[in-house]
Structure formats: structure tokens, C-alpha cells
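Trainee: Input file: target.cif. Contents: mmCIF, N, CA and C atoms.
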```cif
data_target
#
loop_
_atom_site.label_atom_id
_atom_site.label_comp_id
_atom_site.auth_asym_id
_atom_site.auth_seq_id
_atom_site.Cartn_x
_atom_site.Cartn_y
_atom_site.Cartn_z
N ILE A 138 61.14 173.06 173.50
CA ILE A 138 59.70 173.09 173.31
C ILE A 138 59.36 173.37 171.86
N ARG A 139 60.13 174.27 171.23
CA ARG A 139 59.85 174.61 169.83
C ARG A 139 60.00 173.41 168.91
N ALA A 140 60.88 172.47 169.27
CA ALA A 140 61.13 171.31 168.42
C ALA A 140 60.14 170.18 168.64
N ALA A 141 59.32 170.29 169.67
CA ALA A 141 58.37 169.21 169.98
C ALA A 141 57.33 169.09 168.86
N ASN A 142 56.99 167.86 168.54
CA ASN A 142 55.98 167.62 167.51
C ASN A 142 55.03 166.54 168.00
N PRO A 143 53.80 166.88 168.31
CA PRO A 143 53.19 168.20 168.22
C PRO A 143 53.67 169.11 169.34
N PRO A 144 53.57 170.41 169.12
CA PRO A 144 54.01 171.35 170.16
C PRO A 144 53.10 171.24 171.40
N PRO A 145 53.65 171.47 172.57
CA PRO A 145 52.82 171.38 173.79
C PRO A 145 51.81 172.52 173.83
N GLN A 146 50.70 172.26 174.48
CA GLN A 146 49.69 173.29 174.67
C GLN A 146 49.83 173.96 176.02
N ALA A 147 50.49 173.25 176.96
CA ALA A 147 50.65 173.78 178.31
C ALA A 147 51.92 173.21 178.93
N VAL A 148 52.45 173.97 179.90
CA VAL A 148 53.56 173.52 180.74
C VAL A 148 53.09 173.66 182.18
N LEU A 149 53.23 172.60 182.94
CA LEU A 149 52.80 172.57 184.34
C LEU A 149 54.02 172.48 185.24
N LEU A 150 54.17 173.46 186.13
CA LEU A 150 55.26 173.45 187.09
C LEU A 150 54.70 173.14 188.48
N ASP A 151 55.23 172.10 189.10
CA ASP A 151 54.89 171.74 190.47
C ASP A 151 55.91 172.42 191.37
N LEU A 152 55.47 173.43 192.12
CA LEU A 152 56.39 174.23 192.93
C LEU A 152 56.41 173.83 194.40
N GLU A 153 55.92 172.64 194.72
CA GLU A 153 55.86 172.23 196.12
C GLU A 153 57.24 172.26 196.78
N ALA A 154 58.28 171.91 196.08
CA ALA A 154 59.62 171.85 196.66
C ALA A 154 60.22 173.24 196.87
N SER A 155 59.60 174.25 196.29
CA SER A 155 60.11 175.62 196.44
C SER A 155 59.48 176.27 197.67
N THR A 156 60.29 176.43 198.71
CA THR A 156 59.77 177.02 199.95
C THR A 156 59.97 178.53 199.97
N LEU A 157 60.94 179.02 199.24
CA LEU A 157 61.22 180.46 199.12
C LEU A 157 61.57 180.78 197.68
N LEU A 158 61.32 182.02 197.31
CA LEU A 158 61.63 182.45 195.96
C LEU A 158 62.18 183.87 196.05
N ASP A 159 63.34 184.12 195.45
CA ASP A 159 63.87 185.48 195.46
C ASP A 159 63.42 186.21 194.19
N ILE A 160 63.71 187.49 194.12
CA ILE A 160 63.23 188.30 193.00
C ILE A 160 63.87 187.85 191.69
N SER A 161 65.10 187.39 191.73
CA SER A 161 65.75 186.90 190.52
C SER A 161 65.02 185.68 189.96
N SER A 162 64.62 184.77 190.85
CA SER A 162 63.87 183.59 190.41
C SER A 162 62.50 183.98 189.88
N ALA A 163 61.87 184.94 190.52
CA ALA A 163 60.56 185.41 190.05
C ALA A 163 60.69 186.05 188.68
N ASP A 164 61.75 186.83 188.48
CA ASP A 164 61.98 187.45 187.16
C ASP A 164 62.19 186.39 186.08
N THR A 165 62.93 185.35 186.42
CA THR A 165 63.16 184.26 185.47
C THR A 165 61.85 183.55 185.13
N LEU A 166 61.03 183.33 186.14
CA LEU A 166 59.73 182.69 185.90
C LEU A 166 58.84 183.57 185.03
N ALA A 167 58.89 184.88 185.24
CA ALA A 167 58.12 185.81 184.40
C ALA A 167 58.60 185.75 182.96
N GLU A 168 59.91 185.68 182.77
CA GLU A 168 60.47 185.59 181.42
C GLU A 168 60.02 184.30 180.74
N ILE A 169 60.03 183.20 181.48
CA ILE A 169 59.56 181.92 180.93
C ILE A 169 58.10 182.02 180.54
N ALA A 170 57.29 182.63 181.42
CA ALA A 170 55.86 182.78 181.14
C ALA A 170 55.63 183.58 179.86
N ARG A 171 56.37 184.68 179.70
CA ARG A 171 56.23 185.50 178.48
C ARG A 171 56.64 184.73 177.23
N GLU A 172 57.73 183.98 177.33
CA GLU A 172 58.17 183.19 176.18
C GLU A 172 57.14 182.13 175.80
N LEU A 173 56.58 181.46 176.80
CA LEU A 173 55.55 180.46 176.53
C LEU A 173 54.31 181.11 175.92
N GLN A 174 53.91 182.25 176.45
CA GLN A 174 52.74 182.95 175.88
C GLN A 174 52.98 183.31 174.43
N GLY A 175 54.22 183.71 174.11
CA GLY A 175 54.56 184.04 172.73
C GLY A 175 54.45 182.84 171.80
N GLU A 176 54.60 181.66 172.37
CA GLU A 176 54.46 180.42 171.60
C GLU A 176 53.04 179.84 171.71
N LYS A 177 52.14 180.58 172.35
CA LYS A 177 50.74 180.14 172.56
C LYS A 177 50.67 178.89 173.45
N ILE A 178 51.55 178.85 174.46
CA ILE A 178 51.59 177.75 175.42
C ILE A 178 51.22 178.30 176.79
N VAL A 179 50.31 177.64 177.46
CA VAL A 179 49.83 178.07 178.77
C VAL A 179 50.78 177.58 179.86
N LEU A 180 51.11 178.46 180.81
CA LEU A 180 51.90 178.07 181.97
C LEU A 180 50.96 177.86 183.14
N LEU A 181 51.02 176.67 183.73
CA LEU A 181 50.21 176.33 184.90
C LEU A 181 51.14 176.12 186.08
N LEU A 182 50.73 176.57 187.26
CA LEU A 182 51.51 176.40 188.48
C LEU A 182 50.68 175.60 189.47
N ALA A 183 51.32 174.66 190.14
CA ALA A 183 50.61 173.83 191.11
C ALA A 183 51.40 173.74 192.41
N ARG A 184 50.68 173.54 193.50
CA ARG A 184 51.23 173.34 194.84
C ARG A 184 52.21 174.45 195.22
N VAL A 185 51.77 175.67 195.02
CA VAL A 185 52.59 176.85 195.31
C VAL A 185 52.40 177.22 196.79
N ARG A 186 53.48 177.17 197.53
CA ARG A 186 53.42 177.51 198.96
C ARG A 186 53.14 179.00 199.14
N ASP A 187 52.52 179.35 200.26
CA ASP A 187 52.11 180.74 200.50
C ASP A 187 53.24 181.76 200.36
N PRO A 188 54.44 181.54 200.94
CA PRO A 188 55.50 182.53 200.77
C PRO A 188 55.91 182.72 199.30
N VAL A 189 55.91 181.63 198.56
CA VAL A 189 56.24 181.70 197.13
C VAL A 189 55.13 182.42 196.38
N LEU A 190 53.90 182.10 196.69
CA LEU A 190 52.76 182.76 196.05
C LEU A 190 52.79 184.26 196.33
N ASP A 191 53.11 184.64 197.56
CA ASP A 191 53.21 186.06 197.90
C ASP A 191 54.26 186.76 197.04
N MET A 192 55.42 186.14 196.88
CA MET A 192 56.48 186.72 196.05
C MET A 192 56.04 186.81 194.59
N LEU A 193 55.36 185.77 194.10
CA LEU A 193 54.90 185.78 192.72
C LEU A 193 53.85 186.86 192.49
N LYS A 194 53.03 187.12 193.49
CA LYS A 194 52.05 188.21 193.39
C LYS A 194 52.74 189.56 193.40
N ARG A 195 53.66 189.76 194.36
CA ARG A 195 54.37 191.04 194.48
C ARG A 195 55.20 191.37 193.25
N SER A 196 55.75 190.35 192.62
CA SER A 196 56.61 190.56 191.46
C SER A 196 55.84 190.65 190.14
N GLY A 197 54.53 190.41 190.19
CA GLY A 197 53.71 190.51 188.99
C GLY A 197 53.61 189.23 188.18
N VAL A 198 54.22 188.16 188.65
CA VAL A 198 54.18 186.90 187.90
C VAL A 198 52.75 186.35 187.85
N ILE A 199 52.03 186.42 188.95
CA ILE A 199 50.66 185.88 188.97
C ILE A 199 49.77 186.67 188.03
N ALA A 200 49.96 187.98 187.97
CA ALA A 200 49.18 188.79 187.02
C ALA A 200 49.49 188.37 185.59
N LEU A 201 50.72 188.00 185.32
CA LEU A 201 51.13 187.56 183.98
C LEU A 201 50.58 186.17 183.66
N VAL A 202 50.70 185.26 184.62
CA VAL A 202 50.26 183.88 184.41
C VAL A 202 48.74 183.77 184.49
N GLY A 203 48.16 184.50 185.42
CA GLY A 203 46.72 184.44 185.66
C GLY A 203 46.42 183.59 186.89
N GLU A 204 45.69 184.14 187.84
CA GLU A 204 45.37 183.40 189.07
C GLU A 204 44.62 182.12 188.77
N HIS A 205 43.86 182.10 187.67
CA HIS A 205 43.10 180.90 187.30
C HIS A 205 44.01 179.77 186.83
N HIS A 206 45.31 180.06 186.67
CA HIS A 206 46.27 179.03 186.28
C HIS A 206 47.14 178.58 187.45
N VAL A 207 46.71 178.91 188.66
CA VAL A 207 47.41 178.47 189.87
C VAL A 207 46.51 177.45 190.57
N TYR A 208 47.02 176.27 190.81
CA TYR A 208 46.23 175.16 191.34
C TYR A 208 46.81 174.66 192.66
N HIS A 209 45.93 174.20 193.52
CA HIS A 209 46.35 173.60 194.79
C HIS A 209 47.03 172.26 194.56
N MET A 210 46.53 171.50 193.60
CA MET A 210 47.03 170.15 193.35
C MET A 210 47.37 169.97 191.86
N VAL A 211 48.36 169.16 191.58
CA VAL A 211 48.74 168.86 190.20
C VAL A 211 47.57 168.22 189.46
N ASP A 212 46.87 167.30 190.13
CA ASP A 212 45.74 166.61 189.49
C ASP A 212 44.66 167.58 189.02
N GLU A 213 44.41 168.63 189.79
CA GLU A 213 43.41 169.63 189.40
C GLU A 213 43.81 170.31 188.09
N ALA A 214 45.08 170.66 187.97
CA ALA A 214 45.56 171.30 186.74
C ALA A 214 45.44 170.36 185.55
N VAL A 215 45.83 169.12 185.76
CA VAL A 215 45.75 168.13 184.68
C VAL A 215 44.29 167.92 184.26
N GLN A 216 43.40 167.81 185.22
CA GLN A 216 41.98 167.60 184.91
C GLN A 216 41.41 168.79 184.14
N ASP A 217 41.75 170.02 184.57
CA ASP A 217 41.27 171.20 183.84
C ASP A 217 41.80 171.21 182.41
N PHE A 218 43.08 170.87 182.25
CA PHE A 218 43.66 170.84 180.92
C PHE A 218 42.97 169.79 180.04
N GLN A 219 42.81 168.60 180.57
CA GLN A 219 42.19 167.52 179.80
C GLN A 219 40.73 167.81 179.46
N ALA A 220 40.06 168.58 180.31
CA ALA A 220 38.66 168.92 180.06
C ALA A 220 38.52 170.15 179.15
N GLY A 221 39.64 170.73 178.74
CA GLY A 221 39.59 171.88 177.84
C GLY A 221 39.30 173.19 178.56
N ARG A 222 39.50 173.23 179.86
CA ARG A 222 39.21 174.46 180.63
C ARG A 222 40.44 175.35 180.79
N VAL A 223 41.53 175.02 180.12
CA VAL A 223 42.76 175.81 180.21
C VAL A 223 42.96 176.53 178.90
N THR A 224 43.00 177.87 178.98
CA THR A 224 43.20 178.69 177.80
C THR A 224 44.21 179.80 178.13
N LEU A 225 44.76 180.42 177.12
CA LEU A 225 45.69 181.53 177.33
C LEU A 225 45.01 182.74 177.95
N ALA A 226 43.77 182.96 177.65
CA ALA A 226 43.08 184.16 178.13
C ALA A 226 42.81 184.12 179.61
#
```
Write the structure described by the file as C-alpha cells, please.
Mentor:
Amino acid sequence: IRAANPPPQAVLLDLEASTLLDISSADTLAEIARELQGEKIVLLLARVRDPVLDMLKRSGVIALVGEHHVYHMVDEAVQDFQAGRVTLA
């Protein structure tokens, strides 16, 4: 990501294929989110299944990413990004 020119403004993860998430995976996702934030890149999550969302909430990942960056559909995230409604804050 650091070598990209221009650098990305956001990274969108489609988590539909993830039916379960363990604490190790949640910790890794939190680390990725922090690294992206350090680079001023927004992390967006889409199609997060309820059990995965519960784990992300319990582990603090959603608090780190922001609930407003969790989308039901990939298209919704893309539309918000393209419309300028996606920010780090």
C-alpha cells in the first residue's frame, strides 16, 4: 500500500465468506486497522455476518474502525466513498 501511487484513500474488505472469526483473527484485523489509520487510509467492512460482527464488537475492532464504516453491501460502501462520505473521523 505504501508503494501505491497515488496512495489509496480506503481499503474495503468484503467479509461475507467469513462465517466465524476467532480472537487471533480479530487481533490481526485490529492491527491492520491501526496501520491503515497511521497511513491516513480508511478501513471499510462490508457484508459482515452477525457472529463475525459480534466478535468484532467484543474484541474492540468495531470501536477502532467505527460502526459508520460497516456496510451491509459492498455497493453501499463504494457509493459512500465515491460521494466523499467516508472519512477517518
Trainee: For the provided coordinates, the residues matched by the PyMOL selection byres ((chain A and resi 145-157) around 7) should be stated as an NGL selection string.
Mentor: :A and (138 or 141-144 or 158-159 or 177-186 or 188-189 or 211)
Trainee: Could you pull out the helix (DSSP H, G or I) residues of chain A, going by DSSP on the backbone, and write them as a PyMOL selection string?
Mentor: chain A and resi 160-175+187-195+198-202+204-206+211-219
Trainee: Point out the residue among A:Gln219, A:Thr165, A:Gln174, A:Thr224 with the least atom-to-atom distance to Ser196 in chain A, counting only C-alpha atoms.
Mentor: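 Once distances to Ser196 in chain A are computed over only C-alpha atoms, the minimum belongs to A:Thr165.
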Trainee: Report the residues of chain A whose backbone DSSP state falls under strand (DSSP E or B), written as an MDAnalysis selection string.
Mentor: chainID A and resid 147:151 179:183 207:208
Trainee: Name the residues within 9 Å of (56.6, 187.1, 192.9), counting only C-alpha atoms in the file's coordinates, and put them as a list of chain:residue names.
Mentor: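 All residues meeting the 9 Å criterion around (56.6, 187.1, 192.9) are A:Leu158, A:Asp159, A:Ile160, A:Ser162, A:Ala163, A:Asp164, A:Leu166, A:Ala167, A:Val189, A:Leu190, A:Asp191, A:Met192, A:Leu193, A:Lys194, A:Arg195, A:Ser196, A:Gly197, A:Val198, A:Ile199.
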Trainee: Could you work out an axis-aligned box for range 210-224 of chain A, taking every atom the file lists and adding 6 Å on each side, and report centre and edge lengths in Å to one decimal, as AutoDock Vina command-line options?
Mentor:
```
--center_x 43.6 --center_y 173.2 --center_z 185.7 --size_x 22.2 --size_y 25.2 --size_z 27.8
```
Trainee: Tell me, in Å to one decimal, how far CA of Glu204 in chain A is from atom C of Arg139 in chain A.
Mentor: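 These two atoms are separated by 26.8 Å.
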Trainee: Report, in Å to a single decimal, how far apart atom C of Ala140 in chain A and atom N of Ser161 in chain A are.
Mentor: 29.2 Å
Trainee: Just the number, please: distance in Å from atom C of Val207 in chain A to atom C of Arg171 in chain A, one decimal.
Mentor: 18.3 Å
Trainee: Taking N, CA, C and O atoms as the atom set, what does range 160-183 of chain A look like once completed, written as a PDB file, in the frame of the given file?
Mentor:
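Saved the output as rebuild36.pdb:
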```pdb
ATOM      1  N   ILE A 160      63.710 187.490 194.120  1.00  0.00           N
ATOM      2  CA  ILE A 160      63.230 188.300 193.000  1.00  0.00           C
ATOM      3  C   ILE A 160      63.870 187.850 191.690  1.00  0.00           C
ATOM      4  O   ILE A 160      63.221 187.889 190.647  1.00  0.00           O
ATOM      5  N   SER A 161      65.100 187.390 191.730  1.00  0.00           N
ATOM      6  CA  SER A 161      65.750 186.900 190.520  1.00  0.00           C
ATOM      7  C   SER A 161      65.020 185.680 189.960  1.00  0.00           C
ATOM      8  O   SER A 161      64.794 185.577 188.745  1.00  0.00           O
ATOM      9  N   SER A 162      64.620 184.770 190.850  1.00  0.00           N
ATOM     10  CA  SER A 162      63.870 183.590 190.410  1.00  0.00           C
ATOM     11  C   SER A 162      62.500 183.980 189.880  1.00  0.00           C
ATOM     12  O   SER A 162      62.039 183.424 188.874  1.00  0.00           O
ATOM     13  N   ALA A 163      61.870 184.940 190.520  1.00  0.00           N
ATOM     14  CA  ALA A 163      60.560 185.410 190.050  1.00  0.00           C
ATOM     15  C   ALA A 163      60.690 186.050 188.680  1.00  0.00           C
ATOM     16  O   ALA A 163      59.846 185.836 187.796  1.00  0.00           O
ATOM     17  N   ASP A 164      61.750 186.830 188.480  1.00  0.00           N
ATOM     18  CA  ASP A 164      61.980 187.450 187.160  1.00  0.00           C
ATOM     19  C   ASP A 164      62.190 186.390 186.080  1.00  0.00           C
ATOM     20  O   ASP A 164      61.688 186.524 184.968  1.00  0.00           O
ATOM     21  N   THR A 165      62.930 185.350 186.420  1.00  0.00           N
ATOM     22  CA  THR A 165      63.160 184.260 185.470  1.00  0.00           C
ATOM     23  C   THR A 165      61.850 183.550 185.130  1.00  0.00           C
ATOM     24  O   THR A 165      61.583 183.249 183.958  1.00  0.00           O
ATOM     25  N   LEU A 166      61.030 183.330 186.140  1.00  0.00           N
ATOM     26  CA  LEU A 166      59.730 182.690 185.900  1.00  0.00           C
ATOM     27  C   LEU A 166      58.840 183.570 185.030  1.00  0.00           C
ATOM     28  O   LEU A 166      58.142 183.085 184.134  1.00  0.00           O
ATOM     29  N   ALA A 167      58.890 184.880 185.240  1.00  0.00           N
ATOM     30  CA  ALA A 167      58.120 185.810 184.400  1.00  0.00           C
ATOM     31  C   ALA A 167      58.600 185.750 182.960  1.00  0.00           C
ATOM     32  O   ALA A 167      57.795 185.756 182.019  1.00  0.00           O
ATOM     33  N   GLU A 168      59.910 185.680 182.770  1.00  0.00           N
ATOM     34  CA  GLU A 168      60.470 185.590 181.420  1.00  0.00           C
ATOM     35  C   GLU A 168      60.020 184.300 180.740  1.00  0.00           C
ATOM     36  O   GLU A 168      59.641 184.305 179.559  1.00  0.00           O
ATOM     37  N   ILE A 169      60.030 183.200 181.480  1.00  0.00           N
ATOM     38  CA  ILE A 169      59.560 181.920 180.930  1.00  0.00           C
ATOM     39  C   ILE A 169      58.100 182.020 180.540  1.00  0.00           C
ATOM     40  O   ILE A 169      57.686 181.572 179.466  1.00  0.00           O
ATOM     41  N   ALA A 170      57.290 182.630 181.420  1.00  0.00           N
ATOM     42  CA  ALA A 170      55.860 182.780 181.140  1.00  0.00           C
ATOM     43  C   ALA A 170      55.630 183.580 179.860  1.00  0.00           C
ATOM     44  O   ALA A 170      54.802 183.218 179.026  1.00  0.00           O
ATOM     45  N   ARG A 171      56.370 184.680 179.700  1.00  0.00           N
ATOM     46  CA  ARG A 171      56.230 185.500 178.480  1.00  0.00           C
ATOM     47  C   ARG A 171      56.640 184.730 177.230  1.00  0.00           C
ATOM     48  O   ARG A 171      55.969 184.804 176.187  1.00  0.00           O
ATOM     49  N   GLU A 172      57.730 183.980 177.330  1.00  0.00           N
ATOM     50  CA  GLU A 172      58.170 183.190 176.180  1.00  0.00           C
ATOM     51  C   GLU A 172      57.140 182.130 175.800  1.00  0.00           C
ATOM     52  O   GLU A 172      56.844 181.930 174.620  1.00  0.00           O
ATOM     53  N   LEU A 173      56.580 181.460 176.800  1.00  0.00           N
ATOM     54  CA  LEU A 173      55.550 180.460 176.530  1.00  0.00           C
ATOM     55  C   LEU A 173      54.310 181.110 175.920  1.00  0.00           C
ATOM     56  O   LEU A 173      53.737 180.574 174.966  1.00  0.00           O
ATOM     57  N   GLN A 174      53.910 182.250 176.450  1.00  0.00           N
ATOM     58  CA  GLN A 174      52.740 182.950 175.880  1.00  0.00           C
ATOM     59  C   GLN A 174      52.980 183.310 174.430  1.00  0.00           C
ATOM     60  O   GLN A 174      52.077 183.228 173.599  1.00  0.00           O
ATOM     61  N   GLY A 175      54.220 183.710 174.110  1.00  0.00           N
ATOM     62  CA  GLY A 175      54.560 184.040 172.730  1.00  0.00           C
ATOM     63  C   GLY A 175      54.450 182.840 171.800  1.00  0.00           C
ATOM     64  O   GLY A 175      54.210 182.997 170.607  1.00  0.00           O
ATOM     65  N   GLU A 176      54.600 181.660 172.370  1.00  0.00           N
ATOM     66  CA  GLU A 176      54.460 180.420 171.600  1.00  0.00           C
ATOM     67  C   GLU A 176      53.040 179.840 171.710  1.00  0.00           C
ATOM     68  O   GLU A 176      52.799 178.711 171.280  1.00  0.00           O
ATOM     69  N   LYS A 177      52.140 180.580 172.350  1.00  0.00           N
ATOM     70  CA  LYS A 177      50.740 180.140 172.560  1.00  0.00           C
ATOM     71  C   LYS A 177      50.670 178.890 173.450  1.00  0.00           C
ATOM     72  O   LYS A 177      49.865 177.993 173.234  1.00  0.00           O
ATOM     73  N   ILE A 178      51.550 178.850 174.460  1.00  0.00           N
ATOM     74  CA  ILE A 178      51.590 177.750 175.420  1.00  0.00           C
ATOM     75  C   ILE A 178      51.220 178.300 176.790  1.00  0.00           C
ATOM     76  O   ILE A 178      51.753 179.325 177.216  1.00  0.00           O
ATOM     77  N   VAL A 179      50.310 177.640 177.460  1.00  0.00           N
ATOM     78  CA  VAL A 179      49.830 178.070 178.770  1.00  0.00           C
ATOM     79  C   VAL A 179      50.780 177.580 179.860  1.00  0.00           C
ATOM     80  O   VAL A 179      51.201 176.423 179.849  1.00  0.00           O
ATOM     81  N   LEU A 180      51.110 178.460 180.810  1.00  0.00           N
ATOM     82  CA  LEU A 180      51.900 178.070 181.970  1.00  0.00           C
ATOM     83  C   LEU A 180      50.960 177.860 183.140  1.00  0.00           C
ATOM     84  O   LEU A 180      50.178 178.752 183.497  1.00  0.00           O
ATOM     85  N   LEU A 181      51.020 176.670 183.730  1.00  0.00           N
ATOM     86  CA  LEU A 181      50.210 176.330 184.900  1.00  0.00           C
ATOM     87  C   LEU A 181      51.140 176.120 186.080  1.00  0.00           C
ATOM     88  O   LEU A 181      52.220 175.542 185.932  1.00  0.00           O
ATOM     89  N   LEU A 182      50.730 176.570 187.260  1.00  0.00           N
ATOM     90  CA  LEU A 182      51.510 176.400 188.480  1.00  0.00           C
ATOM     91  C   LEU A 182      50.680 175.600 189.470  1.00  0.00           C
ATOM     92  O   LEU A 182      49.492 175.855 189.632  1.00  0.00           O
ATOM     93  N   ALA A 183      51.320 174.660 190.140  1.00  0.00           N
ATOM     94  CA  ALA A 183      50.610 173.830 191.110  1.00  0.00           C
ATOM     95  C   ALA A 183      51.400 173.740 192.410  1.00  0.00           C
ATOM     96  O   ALA A 183      52.632 173.850 192.407  1.00  0.00           O
TER      97      ALA A 183
END
```
